[in-house]
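This is protein_35.csv (CSV, C-alpha atoms and all ligand atoms).
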chain,number,residue,atom,x,y,z
A,194,MET,CA,-2.4,29.4,4.4
A,195,PRO,CA,1.4,28.8,4.7
A,196,LEU,CA,3.1,30.2,7.8
A,197,VAL,CA,6.2,31.2,5.9
A,198,PRO,CA,6.8,33.7,3.1
A,199,PRO,CA,7.2,32.1,-0.4
A,200,TYR,CA,10.9,32.8,-0.5
A,201,ILE,CA,11.4,30.7,2.6
A,202,GLU,CA,9.0,28.0,1.2
A,203,ALA,CA,11.2,27.8,-1.9
A,204,LEU,CA,14.4,27.1,0.0
A,205,ARG,CA,15.7,23.6,0.9
A,206,PRO,CA,17.3,22.9,4.3
A,207,TYR,CA,21.1,22.5,4.1
A,208,GLU,CA,22.0,18.9,3.5
A,209,ALA,CA,25.3,18.0,5.2
A,210,GLY,CA,27.4,15.6,3.2
A,211,ARG,CA,27.4,12.0,4.2
A,212,SER,CA,29.6,11.3,7.3
A,213,ALA,CA,32.6,9.0,7.0
A,214,GLU,CA,31.0,6.7,9.6
A,215,ALA,CA,27.7,6.3,7.6
A,216,VAL,CA,29.6,5.5,4.4
A,217,ARG,CA,31.9,3.0,6.2
A,218,GLN,CA,28.9,1.2,7.6
A,219,LYS,CA,26.9,1.2,4.3
A,220,TYR,CA,29.6,-0.2,2.2
A,221,GLY,CA,31.3,-2.3,4.9
A,222,LEU,CA,34.6,-0.5,4.5
A,223,THR,CA,37.5,-0.3,6.9
A,224,ARG,CA,38.8,3.1,5.7
A,225,VAL,CA,36.9,6.1,4.5
A,226,ALA,CA,38.4,9.5,3.4
A,227,LYS,CA,36.0,12.5,3.6
A,228,LEU,CA,37.2,14.9,1.0
A,229,ALA,CA,33.9,16.8,0.7
A,230,SER,CA,34.0,19.9,2.9
A,231,ASN,CA,37.4,21.6,2.4
A,232,GLU,CA,38.3,20.8,6.0
A,233,ASN,CA,41.9,20.5,7.3
A,234,PRO,CA,43.0,16.9,7.0
A,235,LEU,CA,45.7,17.4,9.7
A,236,GLY,CA,43.1,17.9,12.4
A,237,THR,CA,43.2,20.9,14.7
A,238,SER,CA,46.2,22.9,16.1
A,239,PRO,CA,47.2,21.3,19.3
A,240,GLN,CA,47.5,24.7,20.9
A,241,ALA,CA,43.9,25.5,20.0
A,242,LEU,CA,42.8,22.2,21.5
A,243,GLU,CA,44.6,23.1,24.7
A,244,ALA,CA,43.0,26.5,24.8
A,245,ILE,CA,39.6,24.9,24.3
A,246,ALA,CA,40.2,22.6,27.3
A,247,GLY,CA,41.4,25.6,29.3
A,248,SER,CA,38.2,27.5,28.6
A,249,PHE,CA,36.0,24.9,30.2
A,250,LYS,CA,36.6,26.2,33.7
A,251,SER,CA,34.7,29.4,32.7
A,252,LEU,CA,31.7,27.8,30.9
A,253,ASN,CA,29.4,29.0,33.6
A,254,LEU,CA,30.0,32.6,32.5
A,255,TYR,CA,28.6,34.3,29.4
A,256,PRO,CA,31.2,35.0,26.7
A,257,ASP,CA,32.6,38.5,26.0
A,258,GLY,CA,31.0,38.8,22.5
A,259,GLY,CA,34.3,38.2,20.8
A,260,LEU,CA,36.2,41.2,22.3
A,261,GLY,CA,39.2,39.1,23.2
A,262,LEU,CA,39.7,37.9,19.7
A,263,ARG,CA,39.0,41.3,18.2
A,264,GLU,CA,41.7,42.8,20.3
A,265,VAL,CA,44.2,40.1,19.2
A,266,LEU,CA,43.3,40.6,15.5
A,267,ALA,CA,43.5,44.4,15.8
A,268,GLU,CA,47.0,44.1,17.2
A,269,LYS,CA,48.1,41.6,14.6
A,270,PHE,CA,46.8,43.6,11.6
A,271,ASP,CA,47.5,47.0,13.0
A,272,LEU,CA,43.8,48.1,13.1
A,273,LYS,CA,41.5,49.5,15.8
A,274,VAL,CA,39.3,47.1,17.6
A,275,ASP,CA,36.4,49.1,16.1
A,276,ASN,CA,37.4,47.8,12.7
A,277,VAL,CA,37.1,44.1,13.7
A,278,ILE,CA,34.2,41.8,14.3
A,279,ALA,CA,34.2,38.1,15.5
A,280,GLY,CA,31.4,35.7,15.0
A,281,SER,CA,30.2,32.1,14.8
A,282,GLY,CA,32.1,31.3,11.6
A,283,SER,CA,32.2,33.7,8.7
A,284,GLU,CA,28.7,32.6,7.8
A,285,GLY,CA,27.6,33.9,11.1
A,286,ILE,CA,28.9,37.3,10.2
A,287,MET,CA,27.5,37.0,6.6
A,288,SER,CA,24.1,36.5,8.2
A,289,ASN,CA,24.5,39.6,10.3
A,290,ILE,CA,25.5,41.6,7.2
A,291,ILE,CA,22.3,40.5,5.5
A,292,ARG,CA,20.2,41.5,8.5
A,293,ALA,CA,21.9,44.8,9.0
A,294,PHE,CA,22.2,46.2,5.5
A,295,LEU,CA,19.4,45.0,3.3
A,296,CYS,CA,16.0,46.6,2.9
A,297,ASP,CA,13.1,44.9,1.0
A,298,GLU,CA,13.7,46.7,-2.2
A,299,ASP,CA,17.5,46.2,-2.3
A,300,GLU,CA,19.2,43.7,-4.6
A,301,VAL,CA,22.1,41.3,-4.1
A,302,LEU,CA,24.5,40.7,-6.9
A,303,THR,CA,27.0,37.9,-7.3
A,304,THR,CA,28.2,35.1,-9.6
A,305,GLU,CA,26.1,32.2,-10.8
A,306,ALA,CA,26.7,29.1,-8.6
A,307,ALA,CA,28.2,31.2,-5.8
A,308,PHE,CA,29.2,29.7,-2.4
A,309,ILE,CA,26.0,27.9,-1.3
A,310,GLY,CA,26.1,29.4,2.2
A,311,PHE,CA,25.8,32.9,0.8
A,312,GLN,CA,23.1,31.8,-1.7
A,313,VAL,CA,20.9,30.5,1.1
A,314,LEU,CA,21.4,33.4,3.4
A,315,ALA,CA,20.7,36.0,0.7
A,316,ARG,CA,17.7,34.2,-0.6
A,317,SER,CA,16.2,33.7,2.9
A,318,ARG,CA,16.0,37.5,3.1
A,319,GLY,CA,13.5,37.6,0.3
A,320,VAL,CA,15.3,40.3,-1.7
A,321,MET,CA,16.1,40.1,-5.5
A,322,TYR,CA,19.1,37.9,-6.0
A,323,ARG,CA,20.9,38.5,-9.3
A,324,THR,CA,23.8,36.7,-10.8
A,325,VAL,CA,26.2,36.9,-13.7
A,326,PRO,CA,27.6,33.7,-15.3
A,327,TYR,CA,31.2,32.7,-14.8
A,328,ARG,CA,33.8,33.4,-17.5
A,329,GLU,CA,36.0,30.3,-17.9
A,330,TRP,CA,35.0,29.5,-14.3
A,331,HIS,CA,36.3,32.8,-12.9
A,332,TYR,CA,34.2,35.7,-11.6
A,333,ASP,CA,33.3,37.9,-14.6
A,334,LEU,CA,34.1,41.2,-12.8
A,335,PRO,CA,33.5,43.4,-15.9
A,336,ALA,CA,30.1,41.9,-16.3
A,337,LEU,CA,29.3,42.2,-12.6
A,338,ALA,CA,30.3,45.9,-12.8
A,339,GLU,CA,28.0,46.3,-15.7
A,340,ALA,CA,25.1,44.6,-13.9
A,341,ILE,CA,25.1,47.1,-11.0
A,342,ASN,CA,21.8,49.0,-10.9
A,343,PRO,CA,20.3,51.6,-8.5
A,344,GLN,CA,18.9,48.8,-6.4
A,345,THR,CA,22.2,46.9,-6.0
A,346,LYS,CA,23.1,47.0,-2.3
A,347,ILE,CA,25.5,44.1,-1.8
A,348,ILE,CA,28.0,42.5,-4.1
A,349,TYR,CA,29.4,39.1,-2.9
A,350,LEU,CA,32.8,38.0,-4.1
A,351,ALA,CA,34.7,35.0,-2.7
A,352,ASN,CA,38.4,35.0,-3.4
A,353,PRO,CA,39.5,32.2,-3.8
A,354,ASN,CA,36.1,31.1,-4.8
A,355,ASN,CA,34.1,28.1,-3.7
A,356,PRO,CA,33.2,25.9,-5.6
A,357,THR,CA,35.5,26.7,-8.5
A,358,GLY,CA,38.7,27.3,-6.5
A,359,THR,CA,39.7,30.2,-8.8
A,360,ILE,CA,41.0,33.7,-7.9
A,361,PHE,CA,40.6,37.1,-9.4
A,362,THR,CA,43.7,39.2,-9.5
A,363,ARG,CA,44.7,42.5,-8.0
A,364,GLN,CA,44.5,44.2,-11.3
A,365,GLN,CA,41.1,42.8,-12.1
A,366,PHE,CA,39.8,43.9,-8.7
A,367,ASP,CA,41.2,47.4,-9.0
A,368,GLU,CA,39.5,47.8,-12.3
A,369,PHE,CA,36.3,46.5,-11.0
A,370,TYR,CA,36.3,48.6,-7.9
A,371,ARG,CA,36.5,51.8,-10.0
A,372,HIS,CA,32.9,51.0,-11.2
A,373,VAL,CA,31.3,50.3,-7.8
A,374,PRO,CA,29.4,53.2,-6.3
A,375,GLU,CA,30.1,54.0,-2.6
A,376,ARG,CA,26.5,53.1,-1.7
A,377,VAL,CA,27.2,49.4,-2.6
A,378,LEU,CA,28.7,47.1,0.0
A,379,ILE,CA,31.3,44.6,-1.3
A,380,ILE,CA,31.7,41.4,0.8
A,381,LEU,CA,35.1,40.0,0.1
A,382,ASP,CA,34.9,36.4,1.4
A,383,GLU,CA,38.4,35.2,2.0
A,384,ALA,CA,37.7,31.9,3.7
A,385,TYR,CA,40.6,30.4,1.7
A,386,PHE,CA,42.9,33.5,2.0
A,387,GLU,CA,45.8,31.6,3.6
A,388,TYR,CA,46.1,29.2,0.7
A,389,ALA,CA,46.3,32.0,-1.9
A,390,LYS,CA,48.1,34.8,0.0
A,391,ASP,CA,51.6,34.0,-1.4
A,392,ASN,CA,50.4,34.3,-5.0
A,393,PRO,CA,51.7,37.7,-6.1
A,394,ARG,CA,48.6,38.2,-8.3
A,395,TYR,CA,46.3,37.7,-5.3
A,396,PRO,CA,44.7,40.9,-3.9
A,397,ASP,CA,45.0,40.6,-0.2
A,398,SER,CA,42.0,42.7,0.8
A,399,MET,CA,43.9,44.1,3.8
A,400,GLN,CA,45.5,46.3,1.3
A,401,TYR,CA,42.1,47.6,0.3
A,402,ARG,CA,40.6,49.2,3.3
A,403,TYR,CA,37.9,51.0,1.4
A,404,ASP,CA,34.8,52.2,3.4
A,405,ASN,CA,32.4,50.0,1.5
A,406,VAL,CA,34.4,46.7,1.6
A,407,ILE,CA,34.0,44.1,4.3
A,408,THR,CA,36.5,41.3,4.5
A,409,LEU,CA,35.5,37.9,6.0
A,410,ARG,CA,37.9,35.2,7.1
A,411,THR,CA,37.5,32.0,9.0
A,412,PHE,CA,39.2,29.5,11.3
A,413,SER,CA,37.3,26.7,9.7
A,414,LYS,CA,39.8,25.9,6.9
A,415,VAL,CA,43.5,26.1,7.4
A,416,TYR,CA,43.2,26.4,11.2
A,417,GLY,CA,41.2,23.2,11.4
A,418,LEU,CA,38.4,24.6,13.6
A,419,ALA,CA,35.3,24.1,11.4
A,420,GLY,CA,33.4,22.4,14.2
A,421,ALA,CA,34.1,25.2,16.7
A,422,ARG,CA,32.4,27.9,14.5
A,423,ILE,CA,34.7,30.9,14.6
A,424,GLY,CA,35.3,33.6,12.0
A,425,TYR,CA,36.1,37.3,11.8
A,426,GLY,CA,35.7,40.3,9.6
A,427,PHE,CA,37.4,43.7,9.0
A,428,ALA,CA,35.6,46.8,7.9
A,429,HIS,CA,35.1,50.5,8.4
A,430,GLN,CA,34.1,51.2,12.0
A,431,GLU,CA,30.6,52.4,10.9
A,432,LEU,CA,29.9,49.1,9.2
A,433,ILE,CA,31.2,47.2,12.2
A,434,ARG,CA,29.2,49.4,14.6
A,435,ASN,CA,26.0,48.5,12.8
A,436,LEU,CA,26.9,44.8,12.6
A,437,LEU,CA,27.4,44.7,16.3
A,438,LYS,CA,23.8,46.0,16.7
A,439,VAL,CA,22.3,42.9,15.1
A,440,LYS,CA,24.9,40.3,16.2
A,441,LEU,CA,23.8,37.8,18.8
A,442,PRO,CA,25.4,39.3,21.9
A,443,PHE,CA,27.1,36.1,23.0
A,444,GLU,CA,28.6,34.8,19.8
A,445,PRO,CA,31.2,33.5,19.4
A,446,SER,CA,31.2,30.9,22.3
A,447,THR,CA,34.0,31.0,24.9
A,448,PRO,CA,35.7,27.8,23.7
A,449,ALA,CA,35.5,28.9,20.0
A,450,GLN,CA,37.1,32.3,20.8
A,451,ALA,CA,39.9,30.7,22.9
A,452,ALA,CA,40.6,28.3,20.1
A,453,GLY,CA,40.8,31.1,17.5
A,454,ILE,CA,43.2,33.1,19.6
A,455,ALA,CA,45.5,30.1,20.2
A,456,ALA,CA,45.3,29.0,16.6
A,457,LEU,CA,46.5,32.4,15.4
A,458,ALA,CA,49.7,31.9,17.5
A,459,ASP,CA,50.4,28.4,16.2
A,460,ARG,CA,52.7,29.2,13.3
A,461,GLU,CA,53.9,25.6,13.1
A,462,PHE,CA,50.5,24.1,12.6
A,463,LEU,CA,49.7,26.7,9.9
A,464,HIS,CA,52.9,26.0,8.1
A,465,ARG,CA,52.5,22.2,8.2
A,466,SER,CA,48.8,22.6,7.0
A,467,LEU,CA,49.8,24.8,4.1
A,468,GLU,CA,52.7,22.5,3.0
A,469,LEU,CA,50.5,19.4,3.1
A,470,ASN,CA,47.8,21.2,1.0
A,471,ALA,CA,50.3,22.5,-1.6
A,472,ARG,CA,51.6,19.0,-2.0
A,473,GLY,CA,48.1,17.5,-2.2
A,474,LEU,CA,46.8,20.0,-4.6
A,475,LYS,CA,49.6,19.5,-7.1
A,476,TYR,CA,49.4,15.7,-6.7
A,477,LEU,CA,45.6,15.6,-7.3
A,478,ALA,CA,45.5,18.2,-10.1
A,479,GLU,CA,48.4,16.5,-12.0
A,480,GLY,CA,47.1,13.0,-11.4
A,481,LEU,CA,43.5,13.7,-12.3
A,482,ARG,CA,44.5,15.6,-15.5
A,483,GLU,CA,46.8,12.8,-16.5
A,484,ALA,CA,43.9,10.4,-16.1
A,485,GLY,CA,41.9,12.6,-18.6
A,486,PHE,CA,39.7,14.6,-16.3
A,487,SER,CA,38.9,18.2,-16.9
A,488,LEU,CA,39.9,20.5,-14.0
A,489,VAL,CA,39.6,24.1,-13.1
A,490,PRO,CA,42.9,25.6,-12.0
A,491,PRO,CA,42.9,25.3,-8.2
A,492,GLU,CA,44.1,28.0,-5.8
A,493,ALA,CA,42.6,26.9,-2.4
A,494,ASN,CA,42.4,23.4,-0.8
A,495,PHE,CA,40.2,21.7,-3.3
A,496,VAL,CA,39.9,21.0,-7.0
A,497,MET,CA,36.7,21.3,-9.1
A,498,MET,CA,36.2,18.8,-11.9
A,499,VAL,CA,34.0,19.4,-14.9
A,500,LEU,CA,32.4,16.1,-16.1
A,501,PRO,CA,30.9,15.6,-19.5
A,502,SER,CA,27.3,15.3,-18.0
A,503,GLU,CA,25.3,15.2,-14.8
A,504,GLN,CA,24.9,11.4,-15.2
A,505,GLU,CA,28.7,10.9,-15.4
A,506,ALA,CA,29.2,13.1,-12.3
A,507,SER,CA,26.6,11.0,-10.4
A,508,ARG,CA,28.2,7.7,-11.6
A,509,ILE,CA,31.6,8.8,-10.5
A,510,PHE,CA,30.4,10.1,-7.2
A,511,GLU,CA,28.6,6.8,-6.4
A,512,SER,CA,31.6,4.7,-7.5
A,513,LEU,CA,33.9,6.7,-5.3
A,514,LEU,CA,31.6,6.4,-2.3
A,515,ALA,CA,31.6,2.6,-2.7
A,516,GLN,CA,35.4,2.8,-2.6
A,517,GLY,CA,35.4,4.9,0.6
A,518,ILE,CA,36.1,8.3,-1.0
A,519,ILE,CA,33.5,11.0,-0.2
A,520,VAL,CA,33.7,14.0,-2.6
A,521,ARG,CA,31.2,16.8,-3.0
A,522,PRO,CA,28.6,16.8,-5.8
A,523,LEU,CA,27.8,20.3,-6.8
A,524,ARG,CA,24.2,20.1,-7.8
A,525,ALA,CA,23.0,22.2,-4.9
A,526,PHE,CA,25.4,25.0,-6.0
A,527,GLY,CA,23.9,24.9,-9.4
A,528,LEU,CA,26.6,22.8,-11.2
A,529,PRO,CA,25.2,19.2,-11.4
A,530,HIS,CA,27.9,18.1,-13.9
A,531,CYS,CA,30.7,19.1,-11.5
A,532,LEU,CA,32.4,17.5,-8.5
A,533,ARG,CA,34.6,19.1,-5.9
A,534,VAL,CA,37.4,17.2,-4.2
A,535,SER,CA,39.2,18.5,-1.1
A,536,THR,CA,42.8,17.7,-0.5
A,537,GLY,CA,43.4,15.1,2.3
A,538,THR,CA,46.4,13.6,3.9
A,539,ASP,CA,49.1,12.2,1.6
A,540,ASP,CA,47.5,8.7,2.0
A,541,ASP,CA,43.9,10.1,1.3
A,542,ASN,CA,45.1,11.8,-1.8
A,543,ARG,CA,46.8,8.6,-3.2
A,544,ILE,CA,43.8,6.4,-2.4
A,545,CYS,CA,41.5,9.1,-3.9
A,546,LEU,CA,43.5,9.2,-7.2
A,547,GLU,CA,43.5,5.4,-7.4
A,548,ALA,CA,39.8,5.4,-6.9
A,549,PHE,CA,39.2,8.0,-9.6
A,550,ARG,CA,41.4,5.9,-12.0
A,551,ARG,CA,39.3,2.9,-11.2
A,552,THR,CA,36.1,4.7,-12.0
A,553,LEU,CA,37.4,4.9,-15.6
A,554,GLY,CA,38.0,1.2,-15.9
A,555,ASN,CA,39.8,0.6,-19.2
A,556,ARG,CA,37.7,3.0,-21.2
A,557,PRO,CA,39.3,6.0,-22.8
A,558,TYR,CA,37.7,9.0,-21.1
A,559,PRO,CA,35.2,11.0,-23.2
A,560,THR,CA,36.7,14.2,-24.5
A,561,PRO,CA,36.0,16.8,-21.8
A,562,VAL,CA,33.3,19.3,-22.5
A,563,SER,CA,34.4,23.0,-22.8
A,564,SER,CA,35.2,24.5,-19.4
A,565,ARG,CA,32.2,26.8,-19.6
A,566,PRO,CA,29.2,26.0,-17.5
B,601,LIG,C1,33.7,30.7,0.4
B,601,LIG,C2,33.3,30.3,1.8
B,601,LIG,N1,33.0,31.2,2.7
B,601,LIG,C3,32.6,30.8,3.9
B,601,LIG,C4,32.7,29.5,4.3
B,601,LIG,C5,32.2,29.1,5.7
B,601,LIG,O1,33.0,29.5,6.6
B,601,LIG,P1,32.6,29.3,8.2
B,601,LIG,O2,32.8,27.9,8.5
B,601,LIG,O3,33.6,30.3,8.8
B,601,LIG,O4,31.2,29.8,8.3
B,601,LIG,C6,33.0,28.5,3.4
B,601,LIG,C7,33.0,27.1,3.8
B,601,LIG,O5,33.0,26.2,3.1
B,601,LIG,C8,33.4,28.9,2.1
B,601,LIG,O6,33.7,28.0,1.2

Would you give me this structure, written as C-alpha cells?
Amino acid sequence: MPLVPPYIEALRPYEAGRSAEAVRQKYGLTRVAKLASNENPLGTSPQALEAIAGSFKSLNLYPDGGLGLREVLAEKFDLKVDNVIAGSGSEGIMSNIIRAFLCDEDEVLTTEAAFIGFQVLARSRGVMYRTVPYREWHYDLPALAEAINPQTKIIYLANPNNPTGTIFTRQQFDEFYRHVPERVLIILDEAYFEYAKDNPRYPDSMQYRYDNVITLRTFSKVYGLAGARIGYGFAHQELIRNLLKVKLPFEPSTPAQAAGIAALADREFLHRSLELNARGLKYLAEGLREAGFSLVPPEANFVMMVLPSEQEASRIFESLLAQGIIVRPLRAFGLPHCLRVSTGTDDDNRICLEAFRRTLGNRPYPTPVSSRP
C-alpha cells in the first residue's frame, strides 16, 4: 500500500535546469550562458552582499520571523506592518496560502500552463485544480470569471505571467474583479512587477487593496537574490494574520532578510538591472523575430518562443546547449513546443542570438504555427 496519497504519487519532483558548469564540462566549452531561470545577469546588489556578510555575526541567534523587512516595506508602501508578510521567496508564501485557506472540497482556478511553482504547490494539496486556456497567450480573464463556481476558493493570476511573459491590463482586471465573489481569494503574483511597472496599462496591485486580494513579490528577479530565498506579500490584515499562523516561525533566514532590506535601498543596482533588461529584451525579441521565430510579446525579463512542434523545440534546445546556451524547455509547464529565453548580459544576448541563427542553418524557417497553444 503506498504511503502517500494518489495526488502526491502523481507529482514529479522539481527538476532544476542544467547548471552552467555541467554543460561546460559535457560539451567541453569555455563559456556558457544560463538563460533558463529568469535570474538577474548582473549578479546581486553589492549593498545586499555587504548586508549578508554583516548578518553573519548574529547567525547563532534565531531570526525575527521577517519583522524587520515587514517594517521597512510597511514604511515604503505606506501600510501597516499587519498588512505585510515576508517569507522564503514568494513561493514560500504561496505555500502558506495553500495551507492556510484551502479545505478538501475547495477548488483552485487558474490558466492552463500556469507558473510551474504554483501548479505543483496547488496539486500537492489534493484539491481540484481547474484551468482555462490562454487566449492568444494572455490570461483569458472573462473565461476565468465565467469558470468561477461555488467551490472556487483561490484564483491564481501572475502578472506579468511566467512562462508567456504577457500582462493583463488595468481595464481587464477591473472588469474581471467585478465578477469575483468576496469569498474567493485572488493571488496576484507580481514576481516580475518591477519590469512592467512603468507600462501605463499595467495594473500595479498596490492600487487594488481589496480585502480578497493578496499581492506577492520577490527579491529573486530584479534584485538578484534568487539564491537567498526572500519574498514578500501584501494583503488585508485578517489574511496576513492567518498566514502568520501557518508560516514557519523562523523564515526568512537572517541573511536573506538583511539582503532584502539592503537591496530595497540600492536604487542604483535596480536602475542598472532594469536598463540592461530593457535593452536585452528589445535586442532578443527583434533579432529572433527577424530570424523568423514566432514570439509572444514580452513584458518581463524573458521571451517565450512558439516553435512549430515539440520535436523542433527539442532540436533547438539541444543545439543551443551544445553551443553553450541554456534556455528553458517548457514541457513541464505543459507547453512542449515552446522555449523560454531569459535576458542575459549584452554579451550573453549577442551570443544567444548568434546561436539561435546557427540552429537554422541555411534553411528557410517553417512558417510559424498560430500563436494559440
Ligand atoms: C511567476 C513567478 N512567481 C514566483 C516565482 C518564484 O519566486 P521566488 O523565488 O520568490 O519563490 C517565479 C520564479 O520563477 C515566478 O516566475

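Nearest-residue note for Asn276 in chain A: choosing from A:Phe412, A:Phe366, A:Tyr425, A:Tyr388, the minimum distance belongs to A:Tyr425, counting only C-alpha atoms.
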
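Residues with any atom within 12 Å of the point (44.2, 7.5, 0.6), counting only C-alpha atoms, are Arg224, Val225, Ala226, Lys227, Leu228, Pro234, Gly473, Leu477, Leu513, Gln516, Gly517, Ile518, Ile519, Thr536, Gly537, Thr538, Asp539, Asp540, Asp541, Asn542, Arg543, Ile544, Cys545, Leu546, Glu547, Ala548 and Phe549 of chain A.
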
Would you mind listing, for every residue of chain A within 9 Å of ligand LIG 601 (chain B), the two atoms forming the shortest contact and the distance between them in Å to one decimal, using only C-alpha atoms and all ligand atoms, sorted by chain and ascending residue number, as a Markdown table?
| residue | atom | partner | partner_atom | distance |
| --- | --- | --- | --- | --- |
| A:Ser230 | CA | B:LIG601 | O5 | 6.4 |
| A:Asn231 | CA | B:LIG601 | O5 | 6.4 |
| A:Glu232 | CA | B:LIG601 | O5 | 8.1 |
| A:Gly280 | CA | B:LIG601 | O3 | 8.5 |
| A:Ser281 | CA | B:LIG601 | O4 | 7.0 |
| A:Gly282 | CA | B:LIG601 | O3 | 3.3 |
| A:Ser283 | CA | B:LIG601 | O3 | 3.7 |
| A:Glu284 | CA | B:LIG601 | O4 | 3.8 |
| A:Gly285 | CA | B:LIG601 | O4 | 6.1 |
| A:Ile286 | CA | B:LIG601 | O4 | 8.1 |
| A:Met287 | CA | B:LIG601 | O4 | 8.3 |
| A:Ala307 | CA | B:LIG601 | C1 | 8.3 |
| A:Phe308 | CA | B:LIG601 | C1 | 5.4 |
| A:Ile309 | CA | B:LIG601 | O6 | 8.1 |
| A:Gly310 | CA | B:LIG601 | C3 | 6.9 |
| A:Phe311 | CA | B:LIG601 | N1 | 7.6 |
| A:Leu350 | CA | B:LIG601 | C1 | 8.6 |
| A:Ala351 | CA | B:LIG601 | C1 | 5.4 |
| A:Asn352 | CA | B:LIG601 | C1 | 7.4 |
| A:Pro353 | CA | B:LIG601 | C1 | 7.3 |
| A:Asn354 | CA | B:LIG601 | C1 | 5.7 |
| A:Asn355 | CA | B:LIG601 | C1 | 4.9 |
| A:Pro356 | CA | B:LIG601 | O6 | 7.1 |
| A:Asp382 | CA | B:LIG601 | N1 | 5.7 |
| A:Glu383 | CA | B:LIG601 | C1 | 6.7 |
| A:Ala384 | CA | B:LIG601 | N1 | 4.9 |
| A:Tyr385 | CA | B:LIG601 | C1 | 7.0 |
| A:Leu409 | CA | B:LIG601 | N1 | 7.9 |
| A:Arg410 | CA | B:LIG601 | O3 | 6.7 |
| A:Thr411 | CA | B:LIG601 | O3 | 4.3 |
| A:Phe412 | CA | B:LIG601 | O3 | 6.2 |
| A:Ser413 | CA | B:LIG601 | O2 | 4.8 |
| A:Lys414 | CA | B:LIG601 | O2 | 7.5 |
| A:Leu418 | CA | B:LIG601 | O2 | 8.3 |
| A:Ala419 | CA | B:LIG601 | O2 | 5.4 |
| A:Gly420 | CA | B:LIG601 | O2 | 7.9 |
| A:Ala421 | CA | B:LIG601 | O2 | 8.7 |
| A:Arg422 | CA | B:LIG601 | O2 | 6.0 |
| A:Ile423 | CA | B:LIG601 | O3 | 5.9 |
| A:Gly424 | CA | B:LIG601 | O3 | 4.9 |
| A:Tyr425 | CA | B:LIG601 | O3 | 8.0 |

Check: Can you list, as a PyMOL selection string, every protein, DNA or RNA residue that comes within 12 Å of Ala315 in chain A when you count all atoms listed in the file, leaving out same-chain residues fewer than 6 positions away?
Finding: chain A and resi 200-201+204+284+287-292+294-297+299-303+307-309+321-324+346-349

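If you measure from each of A:Leu514, A:Leu523, A:Ala458, A:Ala340 to Ala213 in chain A using all atoms listed in the file, the closest one turns out to be A:Leu514.
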
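Between CA of Gln365 in chain A and CA of Tyr416 in chain A lies a distance of 28.6 Å.
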
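The coordinates place CA of Arg328 in chain A at 20.8 Å from CA of Asn392 in chain A.
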